[in-house]
Amino acid sequence: MRNIKNTLRICTILMSILMLFTACSLSNNTDNSVVSEPDNTGLKPMVTSLPQPSTPTPLSPDSQEDDSIPPKEGMTHSRLTNEWVDAEVAATRPIAVMTPNEVAAIPHYNLSNASVIYEANVEGRMTRMLAIYEDWKDLEKIGNIRSLRPYFAYWAFEWDAIIVHFGGPFFINDIIDLPTTEHIDGIVSPDSSAFFRSTDRPTPHNAYASGSDLTNIIAKKGYSLNYRGLTDDSHFLFTGKSNPNTLSQYDTSAKNATYIDMSGCYPLTRCYFEYNEEDGLYYRSQHLTSGTDGPHIDEVTGEQLTFRNVLVQYVKYEELGEGYLAFQCHDTTRDGWFFTNGKGIHVNWEKTSDYGATKYYDDYGNEIVLNTGKTMICIVEDGNTFTFR
């Protein structure tokens, strides 16, 4: 009997030691960063069941706001952000402004007023932004403004936006000449009267436009300020602030994402986003070739650019020569990521027509639900990688 007890005691000690070593091994694994690489198989993941939604837990006082009732009479939900806006603003077509982002182009003016921003590489590995403004008529200084690339036009079409730009290379001509394309070009008359140049920086980095002057040119050109019925009735799916999408319904498939580093995709601007749990927003910062590294500030408001939603969209591309790029905006098998409320999930996207909205789906085939607020869309080249943690 004594031998049996001794044997059991020894076994118990050995098991305790084994469990201790296992725990130590797990605790030493502290690298939680995720490297996102594009899925080039062209196939969506096969799944057998939908994620079971759970009741989202509000993360901040702002996200608990009851936005089910308009603040005042005559307001309606924005199709760009789902926020309450005046009915006249919601009924007015947005403008899509080509905005450069190299060192000489900053600071930007009124960029924080854009509801949706697209960013993509252009020649020289610089990036440019397409800023979609919904409430733009009263803005006194928008920009600066540079030349158009064809792929940005296709994203502007999704919103039936009037494109605002300062010329462009010859290969924009085909898309500009389409009968449904409506644009304002700072290098031609009478459009040029909507633009002005500042004296604080050299040309071409000093061109801006005002909302009132753009309105005058739109009237002169006979463009309608009302939506033309070319786009989808709705673009994004939204949820209200009182019932935010925390991505908790995806369980472990939703990864922690309080820091998103895009430097692997944008080697010059090297932007990154930091999540603030107090207000539920992603704050945008940049590294730039001048050596600066800090918040991306709007010169007019003095505020850092913030977003409720961040989308990363992998896109096929080709080089046209002299560094110029062409992105394949129409596709059905590409992938990306969706970040909101400090979490991220893998998504697939598709765009099937010029004026059709780009739709984003989770790995179960459900269209994703964005949180009410502004959205940043990072367009990245297939083969590039970014990290988040």
# chains A, B, ... in the order shown; residues from 1 in each chain; ligands from 1

call {"tool": "residues_around", "arguments": {"residues": "His296 (chain A)", "least_positions_apart": "5", "cutoff": "10 Å", "atoms": "only C-alpha atoms", "output": "list of chain:residue names"}}
result
A:Ile106, A:Pro107, A:His108, A:Leu111, A:Ser112, A:Cys271, A:Tyr272, A:Tyr283, A:Arg284, A:Ser285, A:Gln286, A:His287, A:Gly302, A:Glu303, A:Gln304, A:Leu305, A:Thr306

call {"tool": "residues_around", "arguments": {"residues": "region 119-122 of chain A", "least_positions_apart": "3", "cutoff": "8 Å", "atoms": "only C-alpha atoms", "output": "PyMOL selection string"}}
result
chain A and resi 125-130+266+323-325+376-380

call {"tool": "select_by_dssp", "arguments": {"residues": "region 47-263 of chain A", "states": "strand (DSSP E)", "output": "ChimeraX atom specification"}}
result
/A:75-77,84-86,95-100,116-121,127-133,142-143,162-165,183-185,195-197,207-209,237-239,255-256,259-261

call {"tool": "closest_atom_pairs", "arguments": {"of": "region 172-284 of chain A", "to": "region 64-68 of chain A", "cutoff": "10 Å", "atoms": "only C-alpha atoms", "output": "Markdown table"}}
result
| residue | atom | partner | partner_atom | distance |
| --- | --- | --- | --- | --- |
| A:Gly240 | CA | A:Asp67 | CA | 6.5 |
| A:Lys241 | CA | A:Glu65 | CA | 5.7 |
| A:Ser242 | CA | A:Gln64 | CA | 4.5 |
| A:Asn243 | CA | A:Gln64 | CA | 7.3 |
| A:Pro244 | CA | A:Gln64 | CA | 8.0 |

call {"tool": "closest_residue", "arguments": {"among": "A:Arg149, A:His165, A:Arg308, A:Lys137", "to": "Glu274 (chain A)", "atoms": "only C-alpha atoms"}}
result
A:Arg308

call {"tool": "decode", "arguments": {"residues": "region 53-203 of chain A", "atoms": "C-alpha atoms", "output": "CSV table (one decimal), in the first residue's frame"}}
result
chain,number,residue,atom,x,y,z
A,53,PRO,CA,-25.0,37.4,-33.8
A,54,SER,CA,-24.7,38.5,-30.2
A,55,THR,CA,-26.0,41.6,-28.4
A,56,PRO,CA,-23.3,44.2,-28.9
A,57,THR,CA,-22.0,45.9,-25.8
A,58,PRO,CA,-21.6,49.7,-26.2
A,59,LEU,CA,-18.0,50.7,-25.9
A,60,SER,CA,-18.2,54.4,-25.1
A,61,PRO,CA,-20.6,57.1,-24.2
A,62,ASP,CA,-20.6,58.3,-27.8
A,63,SER,CA,-21.6,54.8,-29.1
A,64,GLN,CA,-24.5,54.7,-26.6
A,65,GLU,CA,-26.1,57.8,-28.0
A,66,ASP,CA,-29.7,57.3,-29.0
A,67,ASP,CA,-29.7,58.4,-32.6
A,68,SER,CA,-33.1,56.8,-33.6
A,69,ILE,CA,-34.8,60.2,-33.5
A,70,PRO,CA,-33.7,63.2,-35.6
A,71,PRO,CA,-32.3,66.1,-33.6
A,72,LYS,CA,-34.7,68.5,-35.3
A,73,GLU,CA,-37.5,68.4,-37.9
A,74,GLY,CA,-36.4,68.1,-41.5
A,75,MET,CA,-33.4,65.9,-41.0
A,76,THR,CA,-32.7,62.5,-42.5
A,77,HIS,CA,-30.0,59.9,-42.5
A,78,SER,CA,-26.9,60.5,-44.6
A,79,ARG,CA,-26.3,57.8,-47.2
A,80,LEU,CA,-22.5,58.3,-46.7
A,81,THR,CA,-22.3,58.2,-42.9
A,82,ASN,CA,-25.8,57.4,-41.6
A,83,GLU,CA,-25.6,60.5,-39.4
A,84,TRP,CA,-28.5,62.9,-39.2
A,85,VAL,CA,-28.2,65.7,-41.9
A,86,ASP,CA,-30.6,68.3,-43.3
A,87,ALA,CA,-32.8,66.8,-46.0
A,88,GLU,CA,-31.4,69.3,-48.5
A,89,VAL,CA,-27.8,68.1,-47.8
A,90,ALA,CA,-28.8,64.5,-48.2
A,91,ALA,CA,-30.6,65.2,-51.5
A,92,THR,CA,-27.6,67.1,-53.0
A,93,ARG,CA,-25.0,65.2,-55.0
A,94,PRO,CA,-21.6,65.1,-53.3
A,95,ILE,CA,-18.3,66.3,-54.8
A,96,ALA,CA,-15.3,64.0,-55.2
A,97,VAL,CA,-12.1,66.0,-54.8
A,98,MET,CA,-8.6,64.8,-55.9
A,99,THR,CA,-6.3,65.5,-53.0
A,100,PRO,CA,-2.5,64.9,-53.1
A,101,ASN,CA,-0.7,63.7,-50.0
A,102,GLU,CA,3.0,64.2,-50.5
A,103,VAL,CA,5.0,66.5,-48.2
A,104,ALA,CA,4.6,69.6,-50.3
A,105,ALA,CA,0.8,69.1,-50.4
A,106,ILE,CA,0.2,69.4,-46.6
A,107,PRO,CA,-1.5,70.8,-44.6
A,108,HIS,CA,-4.8,70.0,-46.1
A,109,TYR,CA,-7.8,72.3,-45.8
A,110,ASN,CA,-11.3,71.0,-44.8
A,111,LEU,CA,-10.3,67.4,-45.4
A,112,SER,CA,-11.8,66.4,-42.1
A,113,ASN,CA,-15.2,67.4,-43.5
A,114,ALA,CA,-15.1,64.6,-46.1
A,115,SER,CA,-17.5,61.8,-45.2
A,116,VAL,CA,-15.6,59.1,-47.1
A,117,ILE,CA,-11.9,59.1,-48.2
A,118,TYR,CA,-10.2,56.7,-50.6
A,119,GLU,CA,-6.4,56.5,-50.6
A,120,ALA,CA,-4.4,54.8,-53.3
A,121,ASN,CA,-0.9,54.9,-54.8
A,122,VAL,CA,0.0,56.9,-57.9
A,123,GLU,CA,3.2,57.2,-59.7
A,124,GLY,CA,6.4,57.4,-57.7
A,125,ARG,CA,4.7,55.5,-54.8
A,126,MET,CA,3.1,58.7,-53.6
A,127,THR,CA,-0.5,58.5,-52.6
A,128,ARG,CA,-3.5,60.6,-53.5
A,129,MET,CA,-6.9,60.8,-51.9
A,130,LEU,CA,-10.4,61.0,-53.3
A,131,ALA,CA,-12.3,62.9,-50.7
A,132,ILE,CA,-16.1,62.5,-50.9
A,133,TYR,CA,-17.8,65.6,-49.5
A,134,GLU,CA,-21.6,65.5,-48.7
A,135,ASP,CA,-22.1,68.9,-47.0
A,136,TRP,CA,-19.7,71.1,-49.2
A,137,LYS,CA,-21.5,74.2,-50.4
A,138,ASP,CA,-20.4,76.4,-47.5
A,139,LEU,CA,-16.7,75.3,-47.4
A,140,GLU,CA,-14.5,78.3,-48.2
A,141,LYS,CA,-11.2,76.4,-48.9
A,142,ILE,CA,-11.1,72.9,-50.1
A,143,GLY,CA,-7.8,71.1,-51.0
A,144,ASN,CA,-5.3,71.4,-52.2
A,145,ILE,CA,-6.4,69.8,-55.5
A,146,ARG,CA,-4.4,67.9,-58.1
A,147,SER,CA,-4.8,65.9,-61.2
A,148,LEU,CA,-7.2,62.9,-61.7
A,149,ARG,CA,-6.3,59.2,-62.3
A,150,PRO,CA,-8.9,57.0,-64.0
A,151,TYR,CA,-9.4,54.6,-61.1
A,152,PHE,CA,-10.4,57.4,-58.8
A,153,ALA,CA,-13.2,58.3,-61.2
A,154,TYR,CA,-14.8,54.8,-60.8
A,155,TRP,CA,-15.0,55.3,-57.0
A,156,ALA,CA,-16.5,58.7,-57.5
A,157,PHE,CA,-19.1,57.2,-59.8
A,158,GLU,CA,-20.4,55.0,-56.9
A,159,TRP,CA,-21.7,58.2,-55.2
A,160,ASP,CA,-22.8,60.0,-58.3
A,161,ALA,CA,-20.3,62.6,-57.3
A,162,ILE,CA,-19.2,65.6,-59.4
A,163,ILE,CA,-15.4,65.1,-59.8
A,164,VAL,CA,-13.2,68.1,-58.9
A,165,HIS,CA,-9.7,68.0,-60.2
A,166,PHE,CA,-6.8,69.9,-61.9
A,167,GLY,CA,-6.3,68.2,-65.2
A,168,GLY,CA,-4.7,64.8,-65.6
A,169,PRO,CA,-2.6,62.6,-68.0
A,170,PHE,CA,-4.0,61.8,-71.4
A,171,PHE,CA,-5.4,58.4,-70.4
A,172,ILE,CA,-8.1,60.0,-68.3
A,173,ASN,CA,-9.7,61.3,-71.5
A,174,ASP,CA,-11.8,58.2,-72.3
A,175,ILE,CA,-13.5,58.2,-68.8
A,176,ILE,CA,-13.9,62.0,-68.8
A,177,ASP,CA,-15.5,61.9,-72.2
A,178,LEU,CA,-18.2,59.5,-71.1
A,179,PRO,CA,-21.6,61.2,-71.5
A,180,THR,CA,-22.5,60.5,-67.8
A,181,THR,CA,-19.2,61.9,-66.4
A,182,GLU,CA,-19.6,65.3,-64.8
A,183,HIS,CA,-16.5,67.0,-63.6
A,184,ILE,CA,-14.9,70.4,-62.9
A,185,ASP,CA,-11.4,70.8,-64.2
A,186,GLY,CA,-9.2,73.7,-63.0
A,187,ILE,CA,-7.2,73.9,-66.2
A,188,VAL,CA,-10.1,74.7,-68.5
A,189,SER,CA,-12.5,77.5,-68.8
A,190,PRO,CA,-15.1,78.3,-67.4
A,191,ASP,CA,-14.2,75.7,-64.7
A,192,SER,CA,-11.0,77.5,-63.7
A,193,SER,CA,-13.0,80.3,-62.0
A,194,ALA,CA,-14.0,77.9,-59.2
A,195,PHE,CA,-10.3,77.6,-58.2
A,196,PHE,CA,-7.8,79.9,-56.7
A,197,ARG,CA,-4.1,79.6,-55.7
A,198,SER,CA,-2.5,80.6,-52.5
A,199,THR,CA,0.8,82.4,-52.1
A,200,ASP,CA,2.2,80.3,-49.2
A,201,ARG,CA,3.6,77.5,-51.4
A,202,PRO,CA,4.7,77.0,-55.0
A,203,THR,CA,2.6,75.7,-57.9
